[in-house]
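Here is the file input-v3.txt (compact mmCIF, C-alpha atoms (C1' of nucleotides)).
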# COMPACT_ATOMS: atom_id res chain seq x y z
CA MET A 1 10.34 -35.25 -14.21
CA THR A 2 11.07 -38.97 -13.88
CA ALA A 3 8.23 -41.42 -13.97
CA HIS A 4 8.98 -42.55 -10.44
CA SER A 5 9.91 -39.59 -8.27
CA ALA A 6 10.99 -40.00 -4.69
CA HIS A 7 7.68 -38.58 -3.57
CA ASP A 8 5.58 -41.06 -5.48
CA GLY A 9 2.90 -42.44 -3.24
CA LEU A 10 2.75 -39.37 -1.03
CA ARG A 11 -0.70 -38.10 -0.34
CA VAL A 12 -0.28 -34.57 0.94
CA VAL A 13 -2.74 -32.35 2.74
CA PHE A 14 -1.79 -28.68 2.61
CA MET A 15 -2.81 -26.13 5.22
CA GLY A 16 -2.20 -22.45 4.68
CA THR A 17 -3.87 -19.10 4.21
CA SER A 18 -1.50 -16.27 3.29
CA CYS A 19 0.59 -15.34 0.28
CA PHE A 20 3.56 -16.84 2.06
CA SER A 21 1.88 -20.23 2.14
CA LEU A 22 0.54 -19.96 -1.38
CA THR A 23 4.07 -19.99 -2.76
CA SER A 24 4.67 -23.36 -1.13
CA LEU A 25 1.40 -24.81 -2.38
CA GLU A 26 2.20 -23.73 -5.92
CA ALA A 27 5.63 -25.29 -5.68
CA LEU A 28 4.23 -28.59 -4.46
CA LEU A 29 1.91 -28.80 -7.44
CA GLU A 30 4.64 -27.76 -9.81
CA ALA A 31 6.85 -30.52 -8.46
CA GLY A 32 4.15 -33.01 -9.26
CA ILE A 33 3.42 -33.80 -5.63
CA SER A 34 -0.07 -35.08 -5.05
CA VAL A 35 -2.02 -32.62 -2.93
CA VAL A 36 -5.26 -34.35 -2.08
CA ALA A 37 -6.84 -31.54 -0.09
CA VAL A 38 -6.23 -27.97 1.03
CA TYR A 39 -7.20 -26.38 4.32
CA ALA A 40 -7.46 -22.61 4.56
CA GLN A 41 -9.03 -20.19 6.97
CA ALA A 42 -12.72 -19.69 6.38
CA PRO A 43 -13.80 -16.70 4.31
CA LYS A 44 -14.74 -13.85 6.56
CA PRO A 45 -16.39 -10.48 6.08
CA ALA A 46 -13.58 -8.09 5.27
CA GLY A 47 -12.83 -4.93 3.39
CA ARG A 48 -15.34 -2.21 2.56
CA ASN A 49 -18.98 -3.16 2.96
CA TYR A 50 -17.93 -6.31 4.80
CA ARG A 51 -17.95 -8.49 1.74
CA MET A 52 -17.02 -12.10 2.37
CA GLN A 53 -13.49 -12.64 1.22
CA LYS A 54 -11.79 -15.89 0.40
CA SER A 55 -8.13 -16.26 1.21
CA VAL A 56 -5.62 -16.37 -1.64
CA VAL A 57 -4.91 -20.03 -0.88
CA MET A 58 -8.58 -20.90 -1.08
CA GLU A 59 -8.99 -19.08 -4.39
CA PHE A 60 -5.99 -20.82 -5.86
CA ALA A 61 -6.96 -24.29 -4.67
CA GLU A 62 -10.45 -23.89 -6.06
CA ALA A 63 -9.06 -22.77 -9.38
CA GLU A 64 -6.83 -25.85 -9.43
CA GLY A 65 -9.77 -28.08 -8.66
CA ILE A 66 -8.40 -29.28 -5.32
CA PRO A 67 -10.94 -29.94 -2.59
CA VAL A 68 -10.81 -27.09 -0.06
CA HIS A 69 -11.85 -27.26 3.57
CA THR A 70 -12.31 -24.15 5.67
CA PRO A 71 -13.32 -25.24 9.15
CA LYS A 72 -13.41 -22.61 11.88
CA THR A 73 -11.73 -25.07 14.22
CA LEU A 74 -10.13 -28.46 13.93
CA ARG A 75 -11.04 -29.45 17.46
CA SER A 76 -14.08 -31.56 16.75
CA ALA A 77 -14.85 -35.19 16.16
CA ASP A 78 -16.27 -34.35 12.74
CA GLN A 79 -13.09 -32.64 11.65
CA LEU A 80 -10.99 -35.53 12.87
CA GLU A 81 -13.19 -37.90 10.92
CA LEU A 82 -12.95 -35.77 7.80
CA PHE A 83 -9.21 -35.53 8.08
CA ARG A 84 -8.88 -39.30 8.52
CA SER A 85 -10.98 -39.87 5.44
CA LEU A 86 -8.43 -38.00 3.32
CA GLN A 87 -5.93 -40.78 4.00
CA ALA A 88 -2.99 -38.46 3.83
CA ASN A 89 0.39 -39.76 4.84
CA VAL A 90 1.85 -36.30 5.36
CA ALA A 91 0.54 -32.80 5.95
CA VAL A 92 2.29 -29.51 5.15
CA VAL A 93 1.41 -26.42 7.18
CA ALA A 94 2.52 -22.89 6.32
CA SER A 95 1.07 -19.86 8.11
CA TYR A 96 -2.32 -21.50 8.42
CA GLY A 97 -3.56 -19.57 11.42
CA LEU A 98 -5.45 -22.34 13.15
CA ILE A 99 -4.20 -24.60 15.90
CA VAL A 100 -3.91 -28.22 14.87
CA PRO A 101 -4.76 -30.53 17.76
CA GLN A 102 -2.57 -33.49 18.59
CA SER A 103 -5.29 -35.92 17.60
CA ILE A 104 -5.05 -34.71 14.02
CA ILE A 105 -1.28 -34.39 14.04
CA ASP A 106 -1.17 -38.09 14.89
CA VAL A 107 -3.17 -39.15 11.85
CA PRO A 108 -0.72 -39.05 8.92
CA THR A 109 1.92 -41.76 9.06
CA MET A 110 4.67 -39.31 8.16
CA GLY A 111 3.32 -36.62 10.45
CA PHE A 112 2.92 -32.88 10.01
CA ILE A 113 5.58 -30.68 8.47
CA ASN A 114 5.63 -26.97 9.18
CA VAL A 115 7.27 -24.19 7.16
CA HIS A 116 8.19 -21.35 9.47
CA ALA A 117 9.80 -18.04 8.47
CA SER A 118 12.49 -17.69 11.09
CA LEU A 119 15.61 -19.36 12.43
CA LEU A 120 14.01 -21.28 15.25
CA PRO A 121 13.90 -21.13 18.20
CA ARG A 122 14.16 -17.40 17.57
CA TRP A 123 10.82 -15.83 16.66
CA ARG A 124 8.36 -18.54 17.32
CA GLY A 125 4.84 -17.26 16.79
CA ALA A 126 2.66 -15.31 14.42
CA SER A 127 4.83 -12.58 12.93
CA PRO A 128 8.38 -13.88 12.69
CA ILE A 129 9.41 -11.80 9.70
CA ARG A 130 8.36 -8.47 11.17
CA SER A 131 9.97 -9.35 14.45
CA ALA A 132 13.29 -10.08 12.80
CA ILE A 133 13.26 -6.75 10.96
CA LEU A 134 12.13 -4.84 14.05
CA ALA A 135 14.87 -6.35 16.15
CA GLY A 136 17.45 -5.39 13.57
CA ASP A 137 18.55 -8.99 13.05
CA ALA A 138 21.31 -9.41 10.47
CA LYS A 139 19.73 -12.57 9.17
CA THR A 140 16.60 -14.63 9.32
CA GLY A 141 15.48 -17.64 7.36
CA ILE A 142 13.26 -20.65 6.97
CA THR A 143 12.92 -23.56 9.30
CA ILE A 144 11.16 -26.76 8.26
CA MET A 145 10.10 -28.72 11.30
CA ARG A 146 8.04 -31.65 12.39
CA MET A 147 5.02 -30.15 13.98
CA ASP A 148 4.05 -30.91 17.56
CA ALA A 149 1.35 -29.51 19.76
CA GLY A 150 3.43 -26.52 20.89
CA VAL A 151 3.77 -23.19 19.12
CA ASP A 152 6.64 -23.69 16.68
CA THR A 153 8.45 -26.02 19.05
CA GLY A 154 8.80 -29.03 16.76
CA ASP A 155 12.00 -30.82 15.85
CA ILE A 156 13.98 -29.27 13.04
CA MET A 157 14.34 -31.04 9.69
CA ALA A 158 15.97 -28.29 7.69
CA MET A 159 17.02 -24.69 8.12
CA GLN A 160 18.42 -22.06 5.76
CA SER A 161 19.27 -18.48 6.52
CA VAL A 162 19.09 -15.37 4.38
CA ASP A 163 20.64 -11.99 5.03
CA ILE A 164 18.26 -9.21 5.85
CA GLY A 165 19.51 -6.36 3.71
CA PRO A 166 20.06 -2.94 5.23
CA LYS A 167 16.79 -1.73 3.73
CA VAL A 168 14.37 -4.53 2.99
CA ASN A 169 10.73 -4.20 3.88
CA HIS A 170 8.39 -6.86 5.18
CA GLY A 171 6.69 -7.41 1.84
CA GLU A 172 9.90 -8.08 -0.03
CA LEU A 173 11.35 -10.25 2.68
CA GLU A 174 8.17 -12.26 2.98
CA LYS A 175 8.19 -12.90 -0.73
CA ARG A 176 11.83 -13.97 -0.66
CA LEU A 177 11.29 -16.27 2.28
CA GLY A 178 8.17 -17.63 0.62
CA PHE A 179 10.20 -18.80 -2.34
CA LEU A 180 12.90 -20.25 -0.13
CA GLY A 181 10.35 -22.06 2.00
CA ALA A 182 8.66 -23.44 -1.10
CA GLU A 183 11.92 -24.71 -2.48
CA MET A 184 12.87 -26.29 0.83
CA VAL A 185 9.57 -27.97 1.47
CA VAL A 186 9.58 -29.56 -1.96
CA ASP A 187 13.08 -30.83 -1.29
CA VAL A 188 12.08 -32.19 2.09
CA LEU A 189 9.09 -34.04 0.67
CA SER A 190 11.20 -35.40 -2.14
CA HIS A 191 13.76 -36.87 0.26
CA LEU A 192 11.60 -37.39 3.26
CA ASP A 193 13.46 -40.35 4.74
CA ALA A 194 16.78 -38.55 4.64
CA TYR A 195 15.37 -35.46 6.30
CA VAL A 196 13.57 -37.47 8.94
CA ALA A 197 16.85 -39.13 9.74
CA GLN A 198 18.59 -35.83 10.39
CA THR A 199 15.82 -34.33 12.50
CA ARG A 200 17.12 -32.61 15.62
CA LYS A 201 15.62 -30.90 18.63
CA GLN A 202 15.43 -27.12 18.85
CA SER A 203 18.01 -25.41 20.96
CA GLU A 204 16.96 -24.33 24.43
CA ASP A 205 18.85 -21.09 23.99
CA GLY A 206 17.75 -18.08 22.04
CA VAL A 207 14.04 -18.73 22.30
CA ALA A 208 12.05 -15.63 21.41
CA TYR A 209 8.40 -15.14 20.66
CA ALA A 210 7.09 -12.85 17.98
CA PRO A 211 4.50 -10.61 19.60
CA LYS A 212 1.14 -10.13 17.98
CA ILE A 213 0.93 -6.77 16.26
CA ASP A 214 -1.91 -4.30 16.63
CA LYS A 215 -2.67 -0.84 15.28
CA GLU A 216 -1.07 1.03 18.10
CA SER A 217 2.18 -0.88 17.73
CA CYS A 218 2.37 0.45 14.18
CA ARG A 219 2.32 4.04 15.38
CA ILE A 220 5.66 5.79 15.19
CA ASP A 221 7.16 7.29 18.30
CA TRP A 222 9.45 9.97 16.92
CA ASN A 223 11.20 10.22 20.25
CA ASP A 224 13.41 7.33 19.18
CA SER A 225 16.50 7.01 17.05
CA ALA A 226 16.12 7.33 13.29
CA GLU A 227 17.50 3.81 12.86
CA ASN A 228 14.90 2.26 15.13
CA ILE A 229 12.09 4.14 13.47
CA LEU A 230 13.31 3.10 10.05
CA ARG A 231 13.22 -0.55 11.14
CA LYS A 232 9.67 -0.09 12.25
CA ILE A 233 8.75 1.47 8.93
CA MET A 234 10.35 -1.43 7.08
CA ALA A 235 8.73 -4.05 9.32
CA PHE A 236 5.26 -2.72 8.58
CA SER A 237 5.70 -1.82 4.93
CA PRO A 238 3.81 -2.06 2.71
CA SER A 239 1.09 -3.33 5.02
CA PRO A 240 -0.36 -2.34 7.40
CA GLY A 241 2.06 0.58 7.39
CA ALA A 242 3.75 2.46 10.20
CA TRP A 243 1.92 5.73 10.73
CA GLY A 244 1.68 9.07 12.40
CA GLU A 245 -0.81 11.90 12.49
CA VAL A 246 -0.34 15.42 11.16
CA ASP A 247 -2.87 18.19 10.95
CA GLY A 248 -5.68 15.78 11.64
CA ILE A 249 -4.83 13.36 8.89
CA ARG A 250 -3.34 9.95 9.26
CA LEU A 251 -0.14 9.41 7.34
CA LYS A 252 1.38 6.04 6.62
CA ILE A 253 5.09 6.03 6.05
CA LEU A 254 6.14 3.23 3.77
CA ASP A 255 9.76 4.07 3.09
CA ALA A 256 12.36 6.47 4.40
CA GLU A 257 16.06 7.03 4.72
CA VAL A 258 18.24 8.08 7.61
CA LEU A 259 19.88 11.48 7.34
CA GLU A 260 23.10 11.77 9.32
CA ASN A 261 23.05 15.52 9.56
CA ASP A 262 20.55 16.69 12.09
CA VAL A 263 17.97 19.30 11.25
CA ALA A 264 17.62 21.92 13.93
CA VAL A 265 13.95 21.58 14.78
CA LYS A 266 11.77 19.94 17.37
CA ILE A 267 11.34 16.18 17.51
CA GLY A 268 8.60 15.04 15.12
CA CYS A 269 8.72 18.33 13.27
CA ILE A 270 8.48 18.28 9.46
CA ALA A 271 11.14 20.15 7.54
CA ASP A 272 11.60 20.50 3.80
CA GLY A 273 12.38 17.25 2.06
CA PRO A 274 10.20 16.11 3.76
CA VAL A 275 12.49 15.42 6.68
CA VAL A 276 11.32 14.56 10.16
CA LYS A 277 13.49 15.08 13.19
CA CYS A 278 13.93 12.06 15.44
CA ARG A 279 15.55 11.81 18.86
CA GLN A 280 18.80 11.00 17.11
CA LYS A 281 19.32 12.03 13.50
CA SER A 282 16.46 12.51 11.07
CA LEU A 283 14.43 10.61 8.54
CA ARG A 284 13.66 11.69 5.01
CA LEU A 285 10.23 10.32 4.10
CA THR A 286 10.50 8.88 0.61
CA LEU A 287 7.19 7.03 0.28
CA VAL A 288 4.00 7.89 2.12
CA GLN A 289 0.24 7.44 1.97
CA PRO A 290 -2.16 9.98 3.42
CA ALA A 291 -5.49 8.54 4.56
CA GLY A 292 -7.89 8.41 1.65
CA LYS A 293 -5.17 8.91 -0.93
CA ASN A 294 -2.92 6.77 -3.02
CA ILE A 295 0.66 6.00 -2.21
CA MET A 296 2.95 8.85 -3.25
CA SER A 297 6.49 10.03 -2.89
CA GLY A 298 7.36 12.22 0.05
CA GLU A 299 8.10 15.10 -2.32
CA ASP A 300 4.70 14.83 -3.96
CA PHE A 301 3.05 14.65 -0.59
CA LEU A 302 4.56 17.94 0.44
CA ARG A 303 4.05 19.60 -2.95
CA GLY A 304 0.42 20.44 -2.49
CA ARG A 305 0.67 20.68 1.30
CA CYS A 306 3.31 23.28 2.09
CA ARG A 307 1.36 24.30 5.15
CA LEU A 308 2.49 21.12 6.87
CA LEU A 309 6.04 22.44 7.01
CA GLY A 310 6.98 23.03 10.61
CA MET A 311 4.09 21.00 11.96
CA VAL A 312 4.66 18.07 14.27
CA ILE A 313 3.76 14.46 13.51
CA LYS A 314 2.22 12.75 16.49
C1' C B 1 -27.25 -1.44 3.85
C1' G B 2 -20.48 -0.87 8.94
C1' C B 3 -17.91 4.55 9.08
C1' G B 4 -15.27 8.07 6.12
C1' G B 5 -11.92 10.74 2.30
C1' G B 6 -11.13 11.45 -2.87
C1' G B 7 -11.35 11.80 -8.83
C1' U B 8 -9.35 19.43 -11.72
C1' A B 9 -2.52 19.56 -17.06
C1' G B 10 2.56 14.24 -16.64
C1' A B 11 2.73 14.53 -10.57
C1' G B 12 0.89 16.64 -5.89
C1' C B 13 -2.91 20.15 -4.69
C1' A B 14 -6.25 24.93 -4.47
C1' G B 15 -10.85 26.52 -6.39
C1' U B 16 -16.85 23.76 -4.83
C1' C B 17 -20.00 26.16 0.97
C1' C B 18 -21.61 31.54 -1.78
C1' G B 19 -22.43 29.51 -10.04
C1' G B 20 -19.49 34.35 -13.73
C1' U B 21 -11.98 34.30 -17.89
C1' A B 22 -8.92 27.18 -15.44
C1' G B 23 -5.17 28.42 -10.83
C1' C B 24 -0.59 27.03 -7.46
C1' U B 25 3.90 24.18 -6.63
C1' C B 26 6.80 20.74 -9.35
C1' A B 27 7.90 18.06 -13.90
C1' U B 28 8.42 18.93 -19.46
C1' C B 29 10.07 22.05 -23.65
C1' A B 30 12.51 26.66 -25.50
C1' G B 31 15.60 30.74 -24.49
C1' G B 32 18.90 33.41 -21.00
C1' C B 33 22.68 33.74 -17.04
C1' U B 34 26.97 30.98 -15.41
C1' C B 35 33.71 27.93 -15.61
C1' A B 36 29.56 24.92 -14.34
C1' U B 37 24.90 22.84 -12.29
C1' A B 38 19.68 19.03 -10.20
C1' A B 39 20.87 26.33 -8.87
C1' C B 40 18.84 31.10 -10.76
C1' C B 41 15.95 34.37 -14.51
C1' U B 42 12.39 34.66 -18.75
C1' G B 43 8.87 32.45 -21.75
C1' A B 44 5.94 28.31 -23.86
C1' A B 45 3.24 23.97 -24.31
C1' G B 46 -0.02 20.98 -21.78
C1' G B 47 -7.36 20.43 -19.15
C1' U B 48 -13.98 17.29 -22.92
C1' C B 49 -12.60 19.65 -14.23
C1' G B 50 -14.28 10.80 -13.58
C1' U B 51 -19.36 9.63 -16.20
C1' U B 52 -24.83 10.42 -17.33
C1' G B 53 -28.94 13.54 -17.37
C1' G B 54 -31.07 18.02 -15.32
C1' U B 55 -31.55 23.37 -13.36
C1' U B 56 -29.57 28.12 -15.37
C1' C B 57 -28.34 33.52 -19.72
C1' A B 58 -24.08 30.91 -17.59
C1' A B 59 -21.94 24.78 -14.02
C1' A B 60 -15.39 22.32 -11.80
C1' U B 61 -19.10 24.70 -8.49
C1' C B 62 -26.19 23.29 -7.52
C1' C B 63 -29.55 18.60 -8.23
C1' U B 64 -29.33 13.51 -10.50
C1' U B 65 -27.32 8.46 -12.67
C1' C B 66 -23.38 5.41 -12.85
C1' C B 67 -17.96 4.24 -12.68
C1' C B 68 -13.22 4.25 -10.36
C1' C B 69 -9.34 5.00 -6.23
C1' C B 70 -8.29 5.04 -1.07
C1' G B 71 -8.30 5.39 4.69
C1' C B 72 -10.79 3.28 9.13
C1' A B 73 -13.13 -0.81 11.13
C1' A B 74 -13.35 -6.21 10.95
Kindly transcribe the structure held in the file into structure tokens.
Amino acid sequence: MTAHSAHDGLRVVFMGTSCFSLTSLEALLEAGISVVAVYAQAPKPAGRNYRMQKSVVMEFAEAEGIPVHTPKTLRSADQLELFRSLQANVAVVASYGLIVPQSIIDVPTMGFINVHASLLPRWRGASPIRSAILAGDAKTGITIMRMDAGVDTGDIMAMQSVDIGPKVNHGELEKRLGFLGAEMVVDVLSHLDAYVAQTRKQSEDGVAYAPKIDKESCRIDWNDSAENILRKIMAFSPSPGAWGEVDGIRLKILDAEVLENDVAVKIGCIADGPVVKCRQKSLRLTLVQPAGKNIMSGEDFLRGRCRLLGMVIK
RNA sequence: CGCGGGGUAGAGCAGUCCGGUAGCUCAUCAGGCUCAUAACCUGAAGGUCGUUGGUUCAAAUCCUUCCCCCGCAA
């Protein structure tokens, strides 16, 4: 590290909450960039017994001794005042989860920079990675943009794509994109003037919004092709997990493989393997988790539960 | 005090209600069969039944203490 890096003099405020954002925060610190404050979503009661849980970003920032702010909203005069007092000249946002009002965006001289996990304008919104997998996209990537008041509508500073492998799950892809985003955001901050100069507007074509996911959208409809179901499994693996219900128990399916040769049973019916018949082709369940149990292989799952053979997953 | 499931051999489970020899399916090892095999046959090894205390002639099982894992919900 040279004594006078290109990012000398930057005072960065970081805003993020998830593991995806944490990777970027870590990279900023590692690059010697001065992060003067961190914003993360407020701890909320979560998990068993409703214990208050801090986000990973908050935990990390506290451990690093960086001041952490966890407002429930940024739309207040107090928050604007607080943000001004930080005297940041640039802010980095990565899957923060709160809307940043224009009044705050206007504060830093170099503006707000957002790390988004898709090839914008495709998959603006909250779950870009899942959406890309669900749609069967061949590739996705990271876009670094100048944030504006819209949802992921800002001008693009940098973009890099990665291939979505034939069988990559959300967890793996998120991790990969997290590293790429971290690398890119460090590079952008290190050569800010150059990136600002090449900023361009988003295309009007190919706009797509990533829908919010809920429990029911994670449920598997076996009356679909094996390929589509597999995408769904991958998009929700390892968390929250695509699921079905057999014999009164909830079963998450975390990994599977398409079998070309059809098994001659009803749709949704479990055959040895375990193999489940879909509308087209079949799926062999390779990694599952019954409610209340640990994650196990499909074979293990069936081992002590032979009675499930021939039953239908709903 | 949010609701609920679970901890029994390396793995997945049954047995618990109603106390009485520790079981099943796999994996492992040995032998056999086979041109051959992840197939088949025979046999073996492998458990302080999560922990503490109690009840009992006798506890995986009933009562009790604590620990750990997980699903839902948020």
Find the spatial neighbours of segment 63-68 of chain A, counting only C-alpha atoms (C1' of nucleotides), within a cut-off of 9 Å - ignore same-chain residues fewer than 2 positions away - and output them as a tab-separated table (two decimals) with C-alpha atoms, in the frame of the given file.
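Wrote it out as selection-v9.tsv, contents follow:
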chain	number	residue	atom	x	y	z
A	35	VAL	CA	-2.02	-32.62	-2.93
A	36	VAL	CA	-5.26	-34.35	-2.08
A	37	ALA	CA	-6.84	-31.54	-0.09
A	38	VAL	CA	-6.23	-27.97	1.03
A	39	TYR	CA	-7.20	-26.38	4.32
A	40	ALA	CA	-7.46	-22.61	4.56
A	58	MET	CA	-8.58	-20.90	-1.08
A	59	GLU	CA	-8.99	-19.08	-4.39
A	60	PHE	CA	-5.99	-20.82	-5.86
A	61	ALA	CA	-6.96	-24.29	-4.67
A	70	THR	CA	-12.31	-24.15	5.67
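With all atoms listed in the file as the basis for measurement, A:Leu254 is the residue among A:Ala94, A:Lys281, A:Leu254, A:Val265 that approaches Ile295 of chain A most closely.
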Item to complete: Find the residues in chain B near chain A: any atom within 7 Å counts, using only C-alpha atoms (C1' of nucleotides). Write them as number ranges by chain.
Response: B: 2, 5-6, 11-13, 25, 70-71, 74
Worksheet item: Please, what distance in Å, to one decimal, runs between atom CA of Leu25 of chain A and atom CA of Ile105 of chain A?
Response: 19.2 Å
Worksheet item: Skipping near chain neighbours, those fewer than 4 positions away, what residues fall within 10 Å of Ala135 of chain A using all atoms listed in the file, listed as an MDAnalysis selection string?
Response: chainID A and resid 130:131 228 231:232 235
Selection file, C-alpha atoms, as an mmCIF file, in the frame of the given file:
data_model
loop_
_atom_site.group_PDB
_atom_site.id
_atom_site.type_symbol
_atom_site.label_atom_id
_atom_site.label_comp_id
_atom_site.auth_asym_id
_atom_site.auth_seq_id
_atom_site.Cartn_x
_atom_site.Cartn_y
_atom_site.Cartn_z
ATOM 1 C CA ARG A 130 8.360 -8.470 11.170
ATOM 2 C CA SER A 131 9.970 -9.350 14.450
ATOM 3 C CA ASN A 228 14.900 2.260 15.130
ATOM 4 C CA ARG A 231 13.220 -0.550 11.140
ATOM 5 C CA LYS A 232 9.670 -0.090 12.250
ATOM 6 C CA ALA A 235 8.730 -4.050 9.320
#
Worksheet entry | Nearest to Ile113 of chain A by atom-to-atom distance, counting only C-alpha atoms, from A:Ile133, A:Leu309, A:Ala91, A:Ala126 | A:Ala91
Item to complete: Could you please determine the separation between atom CA of Phe236 of chain A and atom CA of Gly150 of chain A in Å, to one decimal place?
Response: 26.9 Å
Worksheet item: atom CA of Gln102 of chain A and atom CA of Arg84 of chain A are how many Å apart?
Response: 13.2 Å
Worksheet item: Nearest to G50 of chain B: which of B:G19, B:A30, B:U8, B:U37 is it, counting all atoms listed in the file?
Response: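 Selected residue with least distance to G50 of chain B: B:U8.
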Practice prompt. Using only C-alpha atoms, pick whichever of A:Ile220, A:Ala194, A:Lys314, A:Ser161 has the shortest atom-to-atom distance to Trp243 of chain A.
Written response: A:Ile220
Practice prompt. Identify, on the basis of only C-alpha atoms (C1' of nucleotides), every residue whose closest approach to Lys175 of chain A does not exceed 9 Å; exclude the query and any residue fewer than 5 positions from it along the same chain; express the result as a list in words.
Written response: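 Those residues are Cys19, Phe20, Thr23, His170 and Leu180 of chain A.
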Worksheet item: Smallest atom-to-atom distance to Leu189 of chain A: which of A:Leu86, A:Ala210, A:Ala149, A:Ile33, using all atoms listed in the file?
Response: A:Ile33
Discussion item. Report as an NGL selection string all protein, DNA and RNA residues lying within 8 Å of Val57 of chain A, evaluated on all atoms listed in the file, omitting residues in the same chain fewer than 6 positions from it.
Written reply: :A and (16-19 or 21-22 or 40)
Worksheet item: Of the candidates A:Lys212, A:Lys139, A:Arg284, A:Arg124, which shows the shortest atom-to-atom distance to Glu227 of chain A, using only C-alpha atoms?
Response: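 Smallest separation from Glu227 of chain A among the options: A:Arg284.
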Worksheet item: Could you name the residues that touch segment 39-48 of chain B at 8 Å or less, counting all atoms listed in the file, but leaving out those on the same chain fewer than 3 positions away, as a PyMOL selection string?
Response: chain B and resi 8-9+22+29-33
Please define a box with edges along x, y and z of the file around all atoms of segment 148-161 of chain A given in the file, extend it by 8 Å on each side, and return its centre and edge lengths in Å to one decimal, as AutoDock Vina command-line options.
--center_x 10.3 --center_y -24.8 --center_z 13.3 --size_x 33.9 --size_y 28.6 --size_z 31.1
